[in-house]
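Visitor: One structure, pasted below without further comment.
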Amino acid sequence: MKNGTLFFLGLFASLTVSFAVVLLANHQLGALTPYFDDGEGKAFPDRMPGVAARGQLVYRDLGCASCHTQQVRRPGFGADQTRGWGERQSVARDYIFQPFPQLGAMRIGPDLTNSAGRKPSALDAEDLMNLLYAGQGAMPAHAFLFNQVKVTGEVPAKALKLTGSAAPAAGYAIVPSEQAQTLVAYLLNLNTVYDYPESRPVVQAAAQAEGAHK
Amino acid sequence: MSHDTQEVSANDAHARGPLLLLLGSGLVWLVLSGVLALIASVQLHTPTFLASCAWFTYGHMQALQETAFVYGWLANAGLALGLWVLTRLGGEALRAGNWVTVGALFWNLGVTLALVGIVAGDATGHSLLQLPRYVQPLLLIAYGAIAVAGVLAWSGRRNETSYASQWYVFAALFLFPWLFSVAQLTLFVLPMRGVMQAVIAGWFAQGVFTLWLAPLALAAAYYVVPKVTGRVLPAYQFASLAFWVLIVVGAWTGGRHLIGGPVPAWISSLAIVACSLLVFHYLVVWLNLKGALGHGGAVMKFTAFGLLAYVIGGCADAFTSIRSFAVITQFTYFTQAQQQLALYGGVSMLFFGVLYFAVPRLTGKTWASAALIGGHATTAILGVLLLVISLGVAGWTQGQALLKPAVTFPEIAAATRPWLLLATAAYAVLLVGNLMLVVNFLQTLAAKPTVPAAALFQATSDIKETA
Amino acid sequence: MSTSSNQDPRLTQSAASDTSLLAAHEKAAGKQADEKGNYKLLPLALLFGFSGLIFWAGTYLNRFSGQFSGKIFDENSHPSTGAEVVAKIDPIVLGKKQYAAACIACHQADGKGLTGVNPPLAGSEWVNGSEERLVRIVLHGLKGPIKVLGVEYSAAAMPVFGKVAGSGYSWSDEKIAAVLTYVRQEWGNKSGPISTELVTAVRTKEGDRKEWSAEELLKIQ
């Protein structure tokens with residue numbers, strides 16, 4: 001490696017080629033359009049409502065993705081389906097309207113890809129608020145997302161209905177901050193209702209005929 | 001052959017200021033990241049710990065400790081040791097030393113701002129790139145200022161010949177800004193859409209290790225092993241092939257974290273293949289440097305451990321990237337164990353080894369305390385082993401449990417808890433060891449030289465052929 | 001020269017000078033695998049190992065890359081077969097979903113309808129009989145009196161489901177085929193599936209039209 005120029009060009013070219021691989025992926029995925037279903041007469045995925053999109057920022061800023069993934073693997077590869085996280089594998093098209101996809105890399109808690117579309121056990125807004133406020137098991141309490149207010153007159157409509165040791169002192173109520181409300185709105189919008197052609201499982205016979213799964 | 005027999009020269013004294021500044025600030029971040037890692041690891045088994053404040057969520061602590069470790073400790077130390085190796089082999093004094101000093105100040109300012117930003121909730125959410133977007137340009141510029149000295153040291157070297165250490169340092173100095181600027185552009189300035197962000201983040205995170213940190217660590221090891229053993233490296237004719245394998249396919253391995261994920265299958269398949277091609281790189285590095293084992297002395301102890309961790313970690317990456325393994329280890333603590341094995345066991349330990357070799361030559365003084373060196377070596381080796389094993393077992397347990405739908409999350413938490421407690425103990429041991437290093441470093445700086453620097457070092461002889 | 005074991009642990013001495021290190025390795029880098037005609041085992045083994053890795057890599061990529069298609073997420077599938085390799089949605093699953101979305105209100109979950117108001121599907125001769133008639137009923141709707149299982153329904157009003165003019169539902173042919181396949185195999189019915197192609201053929205043949213009456217349908221086999 002006596003030729004400095006050649007060495008430098010080699011370095012440059014190596015990384016450029018690896019980035020070309022990224023660009024190939026972008027060529028395939030960067031311009032994905034929503035899928036229009038003739039039968040349903042509309043396109044999928046849906047855009048998130050504004051409040052949910054703001055909730056995604058809260059989700060990202062708190063670092064929720066450190067413990068929760070938002071990517072479901074295909075049936076038969078892991079137990080994602082049997083755990084009820086989604087009936088099909090997540091595909092690139094699911095994320096095209098998300099400014100900050102939160103795929104995550106750790107499952108200290110459950111996957112949330114389809115947490116609002118789960119049947120029959122999807123948590124509703126009240127469940128989510130209580131879970132956020134009090135925590136559960138390995139899920140830490142996020143009490144800092146809530147305010148304790150003094151009740152003068154009627155109890156605020158948004159106040160959490162808490163009982164037992166979690167309940168606030170008499171004359172006070174726990175109300176969710178705006179952050180908590182947008183976060184919950186986001187969580188209630190997490191679902192994968194539509195099956196895209198590319199998300200359907202492969203016919204097993206075809207796969208088996210090709211030989212053992214690696 | 002007649003060569004200089006003087007081990008230290010005016011060049012070392014000349015580089016002292018800027019390089020000790022980099023090393024010293026790196027050590028500060030090392031201790032800080034140790035504290036942060038300890039907090040994050042406590043939160044894993046005791047979720048109520050520091051849970052009352054938005055600043056200290058586990059997500060934040062994890063991002064903080066990773067950023068402080070990689071951009072604080074590894075970056076500072078790697079740059080310092082890389083530049084030192086380049087100037088030593090180049091045979092000329094460090095040029096643009098003032099640029100290094102200014103760059104180091106701004107780099108550390110940038111890292112400080114990044115940590116503050118992460119606490120405030122501005123982390124990007126991408127592994128190894130948690131730096132808030134607004135500090136990234138500052139870091140890039142500061143890096144450029146530091147790297148100028150490296151480019152000058154390479155182009156102005158006295159010898160036309162080049163050695164493995166020089167290739168690795170130069171590659172690291174040049175490739176990181178390439179990676180970093182493109183990642184900034186495609187993730188934050190003109191963000192690509194949807195899952196492409198995860199693809200780019202994976203490409204960048206893998207590049208940070210294989211094209212930046214690992215080359216810096218290897219450069220250090222390739223320098224220090226023949227220097228201390230006094231032997232020509234065996235199978236050295238393959239070193240350049242190993243170098244190019246790392247540089248060419250290293251950045252292709254990013255997709256292995258997306259196996260089974262919402263990206264086309266070829267992205268993961270390419271990453272799996274790249275991981276297995278890298279096995280050749282690890283094999284050659286092992287053959288070249290295995291003389292470090294069984295040599296004795298703190299420098300070689302750290303280097304040998306780092307070499308083993310680097311090679312084993314690389315082979316483990318190749319195995320766990322295969323889909324039937326990945327289905328278990330993905331999304332678990334096992335990936336954390338692998339990352340710690342690579343970054344702490346591999347890169348950081350190799351840095352420690354060269355650090356113990358370099359500081360006496362830079363300062364012209366011996367280390368202040370032999371006991372602290374021994375203590376650091378023991379705690380570091382024990383801590384890394386304990387950490388990697390406990391996280392690995394926790395991850396394997398978690399991965400097996402996740403595959404059984406009947407096992408609930410509280411049950412998984414209960415099953416992994418003992419191992420996570422052990423991981424916390426490991427972080428504590430590592431922190432104690434790193435405090436010993438910092439104390440020793442400061443004492444060494446403060447000590448008055450007893451004899452002239454030149455008299456400390458024995459005259460060096462010619463290197464010997466491999467036995 | 002002393003070895004490292006009897007050195008001051010606070011200072012590791014060098015055993016080689018920088019210049020000799022550079023020179024010796026420059027020489028070592030130029031070594032050939034077959035220097036002086038002596039083939040050494042290690043270099044050859046390394047080269048063979050590297051070739052083997054590249055071969056394995058190529059094979060793996062060829063087999064598990066989905067031919068670099070952007071639409072293949074399962075490494076076991078091939079785009080060459082494109083749509084065929086992708087499993088069709090199970091008509092029973094889709095049909096059940098469609099049934100639950102629309103039909104269930106009149107025909108009920110048990111498929112028995114409401115006696116005298118909404119005809120039953122379970123055991124019905126219309127459901128298990130001629131495919132052509134059944135497809136037409138759902139595509140274009142049905143109005144007027146109809147006799148099912150011996151009971152006269154004087155004012156049946158089956159809505160228009162097909163993708164035809166005046167339809168309130170505009171279901172695709174696939175959905176209609178699915179829901180018909182579902183009702184023909186549910187509640188003890190044991191008739192064969194209805195294909196999407198049949199629905200398409202009937203819709204193309206009949207085009208837009210008003211609701212069928214029972215007499216008109218009985219003329220079709």
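By order in the structure tokens, chains are A, B, ...; within a chain, residues start at 1; ligands start at 1, following the order shown.
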Looking only at the backbone, which of the residues in range 197-357 of chain B does DSSP tag as alpha helix (DSSP H), as a PyMOL selection string?
Guide: chain B and resi 197-207+214-229+239-249+265-289+298-321+323-329+333-340+349-357
Visitor: Taking only C-alpha atoms into account, what are the residues of chain B at most 7 Å from chain A, put as a PyMOL selection string?
Guide: chain B and resi 47-48+51-54+57+59-60+121-123+125+160-162+171+192-196+200+247-248+251-252+260-263+323-324+327+331-332+402-405+409-410+413
Visitor: Since we have the selection now, will you write its residues out, keeping N, CA and C atoms, as a compact mmCIF listing (two decimals), in the first residue's frame?
Guide:
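New file result_17.txt:
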```txt
# COMPACT_ATOMS: atom_id res chain seq x y z
N PRO B 47 -37.60 -1.07 38.38
CA PRO B 47 -38.13 0.01 37.53
C PRO B 47 -38.52 1.27 38.28
N THR B 48 -38.65 1.19 39.59
CA THR B 48 -39.05 2.39 40.34
C THR B 48 -37.87 3.35 40.54
N ALA B 51 -37.67 6.89 38.86
CA ALA B 51 -38.75 6.90 37.87
C ALA B 51 -39.64 8.13 38.00
N SER B 52 -39.37 8.97 38.99
CA SER B 52 -40.30 10.07 39.23
C SER B 52 -40.01 11.28 38.36
N CYS B 53 -39.00 11.21 37.53
CA CYS B 53 -38.61 12.40 36.76
C CYS B 53 -38.43 12.03 35.29
N ALA B 54 -38.96 12.89 34.42
CA ALA B 54 -38.90 12.60 32.98
C ALA B 54 -37.47 12.55 32.48
N THR B 57 -35.70 8.61 32.57
CA THR B 57 -36.32 7.37 32.12
C THR B 57 -35.21 6.42 31.67
N GLY B 59 -35.00 4.91 28.92
CA GLY B 59 -34.62 5.27 27.55
C GLY B 59 -33.53 6.35 27.54
N HIS B 60 -33.70 7.35 28.40
CA HIS B 60 -32.70 8.42 28.47
C HIS B 60 -31.37 7.91 29.02
N GLY B 121 -34.66 15.20 26.38
CA GLY B 121 -35.60 14.46 25.53
C GLY B 121 -35.35 14.64 24.05
N ASP B 122 -34.13 15.02 23.66
CA ASP B 122 -33.86 15.25 22.25
C ASP B 122 -33.08 14.13 21.59
N ALA B 123 -32.99 12.97 22.25
CA ALA B 123 -32.28 11.85 21.61
C ALA B 123 -33.01 11.47 20.33
N GLY B 125 -33.17 8.45 19.03
CA GLY B 125 -33.76 7.12 19.07
C GLY B 125 -33.05 6.09 18.22
N GLU B 160 8.55 5.80 3.33
CA GLU B 160 7.60 5.54 2.25
C GLU B 160 6.75 4.33 2.59
N THR B 161 7.35 3.40 3.33
CA THR B 161 6.65 2.16 3.64
C THR B 161 5.45 2.45 4.53
N SER B 162 4.53 1.52 4.55
CA SER B 162 3.40 1.71 5.45
C SER B 162 3.12 0.40 6.18
N ALA B 171 -7.80 4.95 7.75
CA ALA B 171 -9.15 4.58 7.34
C ALA B 171 -10.17 5.10 8.34
N MET B 192 -34.94 10.33 4.91
CA MET B 192 -35.58 9.32 4.08
C MET B 192 -36.81 8.83 4.82
N ARG B 193 -37.69 8.14 4.05
CA ARG B 193 -39.00 7.85 4.62
C ARG B 193 -39.05 6.48 5.29
N GLY B 194 -39.96 6.39 6.25
CA GLY B 194 -40.35 5.11 6.82
C GLY B 194 -39.19 4.26 7.30
N VAL B 195 -39.23 2.98 6.96
CA VAL B 195 -38.23 2.05 7.47
C VAL B 195 -36.83 2.35 6.94
N MET B 196 -36.71 3.18 5.91
CA MET B 196 -35.37 3.53 5.44
C MET B 196 -34.54 4.15 6.55
N ILE B 200 -30.76 3.04 7.40
CA ILE B 200 -29.60 3.93 7.46
C ILE B 200 -28.99 3.92 8.85
N ILE B 247 -12.93 -3.31 5.67
CA ILE B 247 -13.37 -2.02 5.13
C ILE B 247 -14.47 -2.22 4.08
N VAL B 248 -14.33 -3.25 3.25
CA VAL B 248 -15.29 -3.41 2.15
C VAL B 248 -16.62 -3.96 2.65
N ALA B 251 -19.43 -2.42 6.52
CA ALA B 251 -20.63 -1.59 6.65
C ALA B 251 -21.87 -2.28 6.10
N TRP B 252 -21.70 -3.47 5.52
CA TRP B 252 -22.85 -4.16 4.96
C TRP B 252 -23.59 -4.96 6.02
N GLY B 260 -36.17 -10.48 9.92
CA GLY B 260 -37.58 -10.72 10.21
C GLY B 260 -38.38 -9.43 10.33
N GLY B 261 -37.74 -8.31 10.20
CA GLY B 261 -38.41 -7.02 10.36
C GLY B 261 -39.04 -6.54 9.06
N PRO B 262 -39.55 -5.31 9.09
CA PRO B 262 -40.30 -4.82 7.94
C PRO B 262 -39.43 -4.31 6.81
N VAL B 263 -38.34 -5.00 6.51
CA VAL B 263 -37.52 -4.64 5.36
C VAL B 263 -37.43 -5.87 4.47
N ARG B 323 -30.33 -16.76 10.76
CA ARG B 323 -31.72 -16.52 11.14
C ARG B 323 -32.22 -17.42 12.26
N SER B 324 -31.79 -18.68 12.28
CA SER B 324 -32.33 -19.56 13.31
C SER B 324 -31.80 -19.19 14.70
N VAL B 327 -33.63 -15.49 15.61
CA VAL B 327 -35.02 -15.51 16.05
C VAL B 327 -35.09 -15.58 17.58
N PHE B 331 -33.89 -8.72 19.78
CA PHE B 331 -34.76 -7.99 20.72
C PHE B 331 -34.52 -8.38 22.18
N THR B 332 -33.38 -8.99 22.50
CA THR B 332 -33.15 -9.38 23.90
C THR B 332 -31.85 -8.76 24.41
N LEU B 402 -39.62 -15.59 25.25
CA LEU B 402 -40.46 -14.85 24.29
C LEU B 402 -41.04 -15.77 23.23
N LEU B 403 -40.33 -16.87 22.95
CA LEU B 403 -40.82 -17.81 21.94
C LEU B 403 -41.99 -18.64 22.46
N LYS B 404 -42.19 -18.64 23.79
CA LYS B 404 -43.30 -19.40 24.34
C LYS B 404 -44.41 -18.43 24.72
N PRO B 405 -45.48 -18.42 23.97
CA PRO B 405 -46.52 -17.41 24.19
C PRO B 405 -47.14 -17.49 25.58
N PHE B 409 -44.92 -11.45 30.53
CA PHE B 409 -43.80 -10.55 30.73
C PHE B 409 -43.34 -10.47 32.19
N PRO B 410 -44.26 -10.44 33.16
CA PRO B 410 -43.78 -10.48 34.54
C PRO B 410 -42.95 -11.74 34.83
N ALA B 413 -39.55 -11.16 33.39
CA ALA B 413 -38.80 -10.23 34.25
C ALA B 413 -38.26 -10.96 35.47
```
Visitor: Show me, as JSON, numbers by chain, the residues of chain C whose atoms get within 9 Å of chain B, using only C-alpha atoms for the distance check.
Guide: {"C": [1, 3, 4, 5, 7, 8, 9, 10, 11, 12, 13, 14, 15, 16, 17, 18, 19, 20, 21, 22, 23, 24, 25, 26, 28, 29, 30, 31, 32, 33, 42, 43, 46, 49, 50, 53, 54, 56, 57, 58, 60, 61, 64, 65, 66, 67, 68, 69, 70, 71, 72, 73, 74, 75, 76]}
Visitor: As a list in words, please: all residues of range 87-164 of chain C that backbone DSSP puts in strand (DSSP E or B).
Guide: Leu114, Asn118, Leu142, Lys143, Gly144, Pro145, Ile146, Lys147, Val148, Val151, Glu152, Tyr153, Ser154, Ala155, Ala156, Ala157 and Met158 of chain C
Visitor: Restricted to C-alpha atoms, what would the selected residues look like written as a short mmCIF file (atom, residue, chain, number, x, y, z; two decimals), in the first residue's frame?
Guide:
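The resulting out.cif:
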```cif
data_model
loop_
_atom_site.label_atom_id
_atom_site.label_comp_id
_atom_site.auth_asym_id
_atom_site.auth_seq_id
_atom_site.Cartn_x
_atom_site.Cartn_y
_atom_site.Cartn_z
CA LEU C 114 -85.87 -14.32 11.23
CA ASN C 118 -85.48 -12.62 6.67
CA LEU C 142 -83.46 -9.53 -4.88
CA LYS C 143 -86.89 -8.03 -4.51
CA GLY C 144 -90.32 -9.51 -4.07
CA PRO C 145 -91.73 -12.78 -2.82
CA ILE C 146 -89.53 -15.85 -2.42
CA LYS C 147 -90.07 -19.30 -0.93
CA VAL C 148 -87.27 -20.69 1.23
CA VAL C 151 -91.78 -20.76 4.04
CA GLU C 152 -93.08 -17.88 1.95
CA TYR C 153 -91.28 -14.54 2.42
CA SER C 154 -93.58 -12.02 0.80
CA ALA C 155 -91.38 -8.93 0.75
CA ALA C 156 -87.74 -10.01 0.58
CA ALA C 157 -85.38 -7.08 0.04
CA MET C 158 -81.84 -8.30 -0.48
#
```
Visitor: What's around Ser165 in chain B at 8 Å? Count only C-alpha atoms, leave out sequence neighbours fewer than 4 positions away in its own chain, and write the answer as a PyMOL selection string.
Guide: chain B and resi 85-86+169+218-223
Visitor: What's around Met48 in chain A at 10 Å? Count only C-alpha atoms, leave out sequence neighbours fewer than 6 positions away in its own chain, and write the answer as a ChimeraX atom specification.
Guide: /A:54,56,97-98,185-186,189-190
Visitor: Any chance you can output those residues with N, CA and C atoms as a tab-separated table (two decimals), in the first residue's frame?
Guide:
```tsv
chain	number	residue	atom	x	y	z
A	54	ARG	N	-48.23	13.91	17.15
A	54	ARG	CA	-47.50	14.57	18.24
A	54	ARG	C	-47.17	13.58	19.34
A	56	GLN	N	-46.40	10.55	18.89
A	56	GLN	CA	-45.22	9.78	18.50
A	56	GLN	C	-43.94	10.49	18.93
A	97	PHE	N	-46.21	6.70	6.44
A	97	PHE	CA	-46.70	8.01	6.89
A	97	PHE	C	-46.11	8.41	8.24
A	98	GLN	N	-45.19	7.61	8.77
A	98	GLN	CA	-44.63	7.93	10.08
A	98	GLN	C	-43.35	8.73	9.90
A	185	ALA	N	-53.19	9.08	22.74
A	185	ALA	CA	-53.83	9.16	21.42
A	185	ALA	C	-53.01	8.41	20.39
A	186	TYR	N	-51.68	8.51	20.51
A	186	TYR	CA	-50.79	7.79	19.59
A	186	TYR	C	-50.95	6.28	19.77
A	189	ASN	N	-53.78	4.75	18.22
A	189	ASN	CA	-53.76	4.73	16.76
A	189	ASN	C	-52.85	3.68	16.19
A	190	LEU	N	-52.21	2.92	17.07
A	190	LEU	CA	-51.28	1.90	16.57
A	190	LEU	C	-52.06	0.67	16.18
```
Visitor: Provide the CA of Val127 in chain C to CA of Leu180 in chain C distance in Å, to one decimal place.
Guide: 8.1 Å
Visitor: To one decimal place in Å, what is the distance between CA of His126 in chain B and CA of Ala172 in chain B?
Guide: 21.3 Å
Visitor: Name all residues at most 10 Å from Val31 in chain B (count only C-alpha atoms; drop same-chain ones fewer than 2 positions away) and give them as number ranges by chain.
Guide: B: 26-29, 33-37, 68-69, 73, 430-435, 437-438
Visitor: Could you dump the residues just selected with C-alpha atoms as an mmCIF file, in the first residue's frame?
Guide:
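Result file follows (out27.cif):
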```
data_model
loop_
_atom_site.group_PDB
_atom_site.id
_atom_site.type_symbol
_atom_site.label_atom_id
_atom_site.label_comp_id
_atom_site.auth_asym_id
_atom_site.auth_seq_id
_atom_site.Cartn_x
_atom_site.Cartn_y
_atom_site.Cartn_z
ATOM 1 C CA GLY B 26 -11.876 10.579 27.467
ATOM 2 C CA LEU B 27 -11.245 9.252 30.967
ATOM 3 C CA VAL B 28 -13.710 11.739 32.467
ATOM 4 C CA TRP B 29 -16.394 10.468 30.086
ATOM 5 C CA SER B 33 -20.624 6.693 31.421
ATOM 6 C CA GLY B 34 -19.863 4.078 34.067
ATOM 7 C CA VAL B 35 -22.111 5.892 36.540
ATOM 8 C CA LEU B 36 -24.860 6.284 33.938
ATOM 9 C CA ALA B 37 -24.609 2.638 32.904
ATOM 10 C CA ALA B 68 -20.876 9.114 26.864
ATOM 11 C CA PHE B 69 -19.080 5.823 26.323
ATOM 12 C CA TRP B 73 -14.535 7.838 25.987
ATOM 13 C CA LEU B 430 -16.005 -1.817 36.034
ATOM 14 C CA LEU B 431 -16.642 1.599 37.543
ATOM 15 C CA VAL B 432 -14.278 0.895 40.428
ATOM 16 C CA GLY B 433 -11.597 -0.219 37.985
ATOM 17 C CA ASN B 434 -11.988 2.867 35.843
ATOM 18 C CA LEU B 435 -11.729 5.090 38.907
ATOM 19 C CA LEU B 437 -7.232 4.266 36.121
ATOM 20 C CA VAL B 438 -8.276 7.903 36.498
#
```
Visitor: My list of candidates is A:Ala167, A:Ala116, A:Ala173, A:Leu128. Which is closest to Glu154 in chain A when distances are computed with only C-alpha atoms?
Guide: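 Among A:Ala167, A:Ala116, A:Ala173, A:Leu128, it is A:Ala173 that comes nearest to Glu154 in chain A.
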Visitor: Check the smallest atom-to-atom distance from each of A:Arg88, A:Ala43, A:Ala52, A:Leu131 to chain C using only C-alpha atoms, then report the winner.
Guide: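 Among A:Arg88, A:Ala43, A:Ala52, A:Leu131, it is A:Arg88 that comes nearest to chain C.
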Visitor: Between C:Asp208, C:Glu197, C:Glu216, C:Glu132, which residue has the minimum interatomic distance to Lys175 in chain C, considering only C-alpha atoms?
Guide: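 Smallest separation from Lys175 in chain C among the options: C:Glu197.
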Visitor: Can you measure CA of Ser9 in chain B to CA of Leu445 in chain B for me? One decimal in Å is fine.
Guide: 18.7 Å
Visitor: For chain A, which residue out of C:Ser130, C:Thr59, C:Ser170, C:Gln108 is the nearest one, using only C-alpha atoms?
Guide: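 That would be C:Ser170, the residue with the smallest distance to chain A.
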